[in-house]
Amino acid sequence: MNRKYDFKNIEKKWQDIWDKENLFCAKNEYDKPKYYALVEFPYPSGQGLHVGHPRSYTALDIIARKRRMQGYNVLYPMGWDAFGLPTENYAIKNKIHPKIVTEKNIARFKSQLKSLGLSFDWSREIDTTNPDYYKWTQWIFLKLFENGLAYKSRAFVNWCTSCKCVLANEEVIDGKCERCSSEVIKKEKSQWMLKITKYAQRLIDDLETVDYPEKVKTQQINWIGRSSGAEIDFETNLGENIKVFTTRPDTVFGVTYIVLSPEHELLEKWSKNIENFEEIKKYQENAKKKTDLERSELSKEKTGVKLQGVYALNPVNGEKIPIFVADYVLVSYGTGAIMAVPAHDKRDKEFAEKYNLNVLKVIDEGGKVINSEFLNGLSTEKAKKAAINWLVKNEKGKEKINYKLRDWVFSRQRYWGEPIPIVKCEKCGYVPLKESDLPLTLPNMEKFETSNSGESPLVNAKEWLNTTCPKCGGKAQRETDTMPQWAGSSWYFLRYLDPKNDKNLASNEAMKYWMPVDIYNGGMEHTTLHLLYSRFWYKFLYDIGVVPQSEPYKKRISHGLVLGENGEKMSKSRGNVVNPDDIIAEYGADTMRLYEMFIGDYEQPAPWSTKGIKGCKRFLERFWGLQEIISEPNEKNKGLESIIHKTIKKVDKDIEILKFNTAIAALMALINEVYNAGSITREQLGVFSLLLSPFAPHIAEEVWQNCYLGEGFASVSQWPKYDEEKCKDSQIKMALQVNGKFRGTINCEVGLSEDEVFEKAKNECHTFNNFIAGKEIVKVIYVPNRLLNVVVK
RNA sequence: GCCGGUGUGGCGGAAUGGCAGACGCGACGGACUCAAAAUCCGUUGUUGGCAACAACGUGUGGGUUCAAGUCCCACCACCGGUACCA
């Protein structure tokens, strides 16, 4: 037997054997109980794996391995979300085709992941940039188009000045680009859009049916931003009505002016009638020039211009109301126009004070409506309803629910993405490709730069660009924009079920058996991006009968970030990046895995500590050393039975509730006990190996085999069971308190009565006795097998 | 501003309302060694005491309770999300 713990050879050996035996391949045996564990598949960046990746991959690996040991048919797959900007930018800079860059990065990632001993089913590996894969991404787009959920629209969109590319709302962080942090401006462009807003209500409602962390649910609900109120028509002297959205229809008598956003369409329409249109136009142009960031930074000081020669009428009392244009009103929310009630709205008040406008109070201190004719005396809630009823009856408005969620801007002016399978025909307009023409593959090109005018590089692929219309056969051009980064990941979990299927995105049987995903791990940063998008697509696929349920993920969990040694976020610029390769080379994969799980509460952020790893290595070396102290059953190691059963119970439960750190602590405590006892039986070491196997699978497998502890592989053997009776102690330590203060302990048999314990305490614990001696006993609290508290005066 | 989260030794972190600090790191002392590393044994919340022991101790201030890190009220600090959303 090899005496030294030679992790390098052990780890390589077992990785090869597992691979050869296909030990972790999910089986297409649809009568077994199934378990689908999913981690967000990585973007194969040029930097390689980050120590943050293994934290979540190992966590789900532990769960997947435990489920296999429990007899489930487990699917734990991995793939590559490989379309995207960093690869394309690298390709441009180094004049290499992004396809080659992607292949290289995937190869590196894959070998890094393999070196960690993760039990992925590599036979189901997918790559979103593979035409066999993106054929189905395009197919879903065609279905969306067919059902009116994909449409082309000219609108103000977010434009990243550095990526030269449009961004979805979800990709704008603090007015800056999510990827490159450059400034984002509003640009009017014709773009493909997906009607996610149609699903807004269902995306909120169905959160009740899934097991997600509360903060994830709240963040999605806030992002979708439902608010209920009324849409009210204000007539104007020019004939056209101004529609406004308000959540406070009860304050309609307090409206003293109307505000239109600078981009509001009526301004253009009224250009001839507005006496000061030149001034308005100047204001509009100024607003357009501001970046999102500037517009919100300037939020303290409100600006605006009054429209001369136009006024509106209050629908409830016919009063004349002035109209302003001001950029504190956003074109993208509600109707792009508001009724201003300065008495009861902070922003309206600021504006009214600056421009000296009328302020009319319509709610008194007690919350009752005043100065409002038929609404007077009502509470806010009742007045809202009454106002809406009146508006509906008089055809001046209606009840209205509004959402902050915008439709998803779905086209990007870049090369490295899925081509949108649409052609523009001179006669027929936008025409979808036939399904049989999919996949529409990317043309091979040498230059991938976006033009300064903001057109996709694909406009230069002339042969690819010019085509014929699938409908009329006439001249047509292909859509040159590609799909965003998030397209391929919006449905990838379905492709794992049946990755080689060329008839469907996956077979019905496979989807029925495997879906929904039982546990899905991913970062909080995807809550309002990938997680929301994929729920939307899944609901759509459900509606057209493709998938079996309307929610893809039964349970969602989120890992905490692994921070740098200094407690800051790991980044190149901070110089605190830890490379997993170095750790594995120095300490081994098992130690790395163990440390990543031991570092702290799984869902909380935790700083990396190179010193901390040593403790995990020591533990594994001590585990390795157990082989030296195997013995026949004797008095001492028989005494280990209770702690072994307790440890099984603890580890079993802790894995279920994601407390990997305390599960490992329990294993460490067990090893301390074993060394105190001085020996361990073969059978006991077998149980220990199985318990350790999900966390540190290579060493567990090696010890299992070395010592002939059982049949087959430790990785897929039976998960140990505990005996509840054996978890119980016969002797317990009873805590003693006087007036709630701890005064000592005594050893007791289990199940003693209060009086017995009290007597024993007085006899055996001097401290306790001293504190009650000569005092009057007011009350005794006895918690069986736990504590005795005596209240004295 | 609003919505989440967090706050415990020198450090990472444990604690169904019931012995605060499990487990690990570090530190200190000892063994082994020519020596160092590794390993093993012991000590390690603070203060006082030779000691038994005592007092204090979970961000701050109050409260409930026989008993509070844990429950309630008010606040402070840090982290994350979001924001002229009408």
# chains A, B, ... in the order shown; residues from 1 in each chain; ligands from 1
$ select_by_dssp --residues "range 457-696 of chain A" --states "helix (DSSP H, G or I)" --output "ChimeraX atom specification"
/A:457-460,462-465,488-490,492-495,508-514,524-526,530-543,580-587,589-598,610-629,635-638,641-656,660-677,682-692
$ interface_residues --of "chain B" --to "chain A" --cutoff "12 Å" --atoms "only C-alpha atoms (C1' of nucleotides)" --output "PyMOL selection string"
chain B and resi 1-6+11-15+18-20+22-26+38-41+52-54+65-68+79-86
$ residues_around --residues "U44 in chain B" --least-positions-apart "2" --cutoff "10 Å" --atoms "only C-alpha atoms (C1' of nucleotides)" --output "compact mmCIF listing (two decimals) with C-alpha atoms (C1' of nucleotides), in the first residue's frame"
# COMPACT_ATOMS: atom_id res chain seq x y z
C1' G B 9 -12.70 36.00 19.75
C1' A B 27 -0.75 32.45 18.20
C1' C B 28 1.70 30.55 22.61
$ closest_residue --among "A:Leu658, A:Ile363, A:Leu144, A:Ala383" --to "Thr58 in chain A" --atoms "only C-alpha atoms"
A:Leu658
$ atom_distance --atom1 "CA of Glu125 in chain A" --atom2 "CA of Met78 in chain A"
5.6 Å
$ select_by_dssp --residues "range 258-353 of chain A" --states "strand (DSSP E)" --output "list in words"
Ile258, Val259, Leu260, Val305, Lys306, Leu307, Gln308, Gly309, Val310, Tyr311, Ala312, Leu313, Lys320, Ile321, Pro322, Ile323, Phe324, Val325, Ala337, Ile338, Met339 and Ala340 of chain A
$ residues_around --residues "range 481-488 of chain A" --least-positions-apart "5" --cutoff "6 Å" --atoms "only C-alpha atoms (C1' of nucleotides)" --output "ChimeraX atom specification"
/A:84,128,410-413,417-420,456
$ write_last_selection --atoms "C-alpha atoms" --output "PDB file, in the first residue's frame"
ATOM      1  CA  GLY A  84     -20.688  37.034 -26.711  1.00  0.00           C
ATOM      2  CA  THR A 128     -24.563  27.503 -27.889  1.00  0.00           C
ATOM      3  CA  PHE A 410     -33.489  41.454 -28.931  1.00  0.00           C
ATOM      4  CA  SER A 411     -31.072  42.506 -31.670  1.00  0.00           C
ATOM      5  CA  ARG A 412     -27.385  43.293 -31.430  1.00  0.00           C
ATOM      6  CA  GLN A 413     -25.165  44.886 -34.061  1.00  0.00           C
ATOM      7  CA  GLY A 417     -24.258  35.745 -32.072  1.00  0.00           C
ATOM      8  CA  GLU A 418     -27.099  33.711 -33.549  1.00  0.00           C
ATOM      9  CA  PRO A 419     -28.242  35.159 -36.895  1.00  0.00           C
ATOM     10  CA  ILE A 420     -31.886  36.215 -36.772  1.00  0.00           C
ATOM     11  CA  SER A 456     -23.748  44.939 -37.835  1.00  0.00           C
TER      12      SER A 456
END
$ atom_distance --atom1 "CA of Thr137 in chain A" --atom2 "CA of Pro548 in chain A"
18.5 Å
$ atom_distance --atom1 "CA of Cys469 in chain A" --atom2 "CA of Lys189 in chain A"
23.9 Å
$ closest_residue --among "A:Leu497, A:Ile280, A:Ile321, A:Leu118" --to "Glu11 in chain A" --atoms "only C-alpha atoms"
A:Leu118
$ residues_around --residues "range 434-442 of chain A" --least-positions-apart "2" --cutoff "9 Å" --atoms "only C-alpha atoms (C1' of nucleotides)" --output "short mmCIF file (atom, residue, chain, number, x, y, z; two decimals) with N, CA and C atoms, in the first residue's frame"
data_model
loop_
_atom_site.label_atom_id
_atom_site.label_comp_id
_atom_site.auth_asym_id
_atom_site.auth_seq_id
_atom_site.Cartn_x
_atom_site.Cartn_y
_atom_site.Cartn_z
N PRO A 131 -23.92 25.19 -34.66
CA PRO A 131 -25.15 25.33 -35.47
C PRO A 131 -26.24 24.30 -35.12
N ASP A 132 -25.83 23.10 -34.73
CA ASP A 132 -26.83 22.10 -34.33
C ASP A 132 -27.59 22.54 -33.09
N TYR A 133 -26.94 23.37 -32.30
CA TYR A 133 -27.62 23.91 -31.12
C TYR A 133 -28.43 25.15 -31.51
N TYR A 134 -27.77 26.10 -32.19
CA TYR A 134 -28.49 27.37 -32.39
C TYR A 134 -29.57 27.27 -33.45
N LYS A 135 -29.57 26.16 -34.17
CA LYS A 135 -30.73 25.87 -35.02
C LYS A 135 -32.01 25.98 -34.19
N TRP A 136 -31.96 25.46 -32.97
CA TRP A 136 -33.16 25.43 -32.14
C TRP A 136 -33.42 26.77 -31.45
N GLN A 138 -32.86 29.50 -33.04
CA GLN A 138 -33.53 30.18 -34.15
C GLN A 138 -34.96 29.67 -34.33
N TRP A 139 -35.14 28.39 -34.12
CA TRP A 139 -36.48 27.80 -34.25
C TRP A 139 -37.44 28.45 -33.25
N LEU A 142 -38.44 31.78 -34.48
CA LEU A 142 -39.48 31.70 -35.51
C LEU A 142 -40.86 31.51 -34.88
N TYR A 415 -21.22 40.47 -34.65
CA TYR A 415 -21.04 39.27 -35.46
C TYR A 415 -21.28 37.99 -34.65
N TRP A 416 -20.69 37.90 -33.46
CA TRP A 416 -20.62 36.62 -32.75
C TRP A 416 -21.90 36.37 -31.94
N GLY A 417 -22.98 36.06 -32.69
CA GLY A 417 -24.26 35.75 -32.07
C GLY A 417 -25.09 34.96 -33.08
N GLU A 418 -26.25 34.47 -32.64
CA GLU A 418 -27.10 33.71 -33.55
C GLU A 418 -27.71 34.65 -34.59
N PRO A 419 -27.57 34.34 -35.89
CA PRO A 419 -28.24 35.16 -36.89
C PRO A 419 -29.76 35.08 -36.71
N ILE A 420 -30.43 36.20 -36.89
CA ILE A 420 -31.89 36.21 -36.77
C ILE A 420 -32.47 35.70 -38.09
N PRO A 421 -33.28 34.65 -38.04
CA PRO A 421 -33.70 33.95 -39.27
C PRO A 421 -34.84 34.65 -40.00
N PRO A 432 -40.19 35.29 -42.34
CA PRO A 432 -39.38 34.31 -41.63
C PRO A 432 -38.85 33.24 -42.57
N ASN A 444 -18.69 32.96 -43.00
CA ASN A 444 -17.29 33.07 -42.58
C ASN A 444 -16.75 34.44 -42.99
N MET A 445 -16.19 35.18 -42.07
CA MET A 445 -15.69 36.52 -42.39
C MET A 445 -14.31 36.68 -41.79
N LEU A 458 -22.24 42.07 -40.32
CA LEU A 458 -22.79 41.15 -41.33
C LEU A 458 -23.22 41.85 -42.61
N TRP A 464 -23.83 36.36 -48.46
CA TRP A 464 -24.74 35.84 -47.44
C TRP A 464 -25.97 36.74 -47.34
N PRO A 470 -38.47 33.87 -49.09
CA PRO A 470 -39.05 32.53 -48.99
C PRO A 470 -40.51 32.51 -49.43
#
$ closest_residue --among "A:Lys728, A:Lys176, A:Lys66, A:Lys282" --to "Lys653 in chain A" --atoms "only C-alpha atoms"
A:Lys66
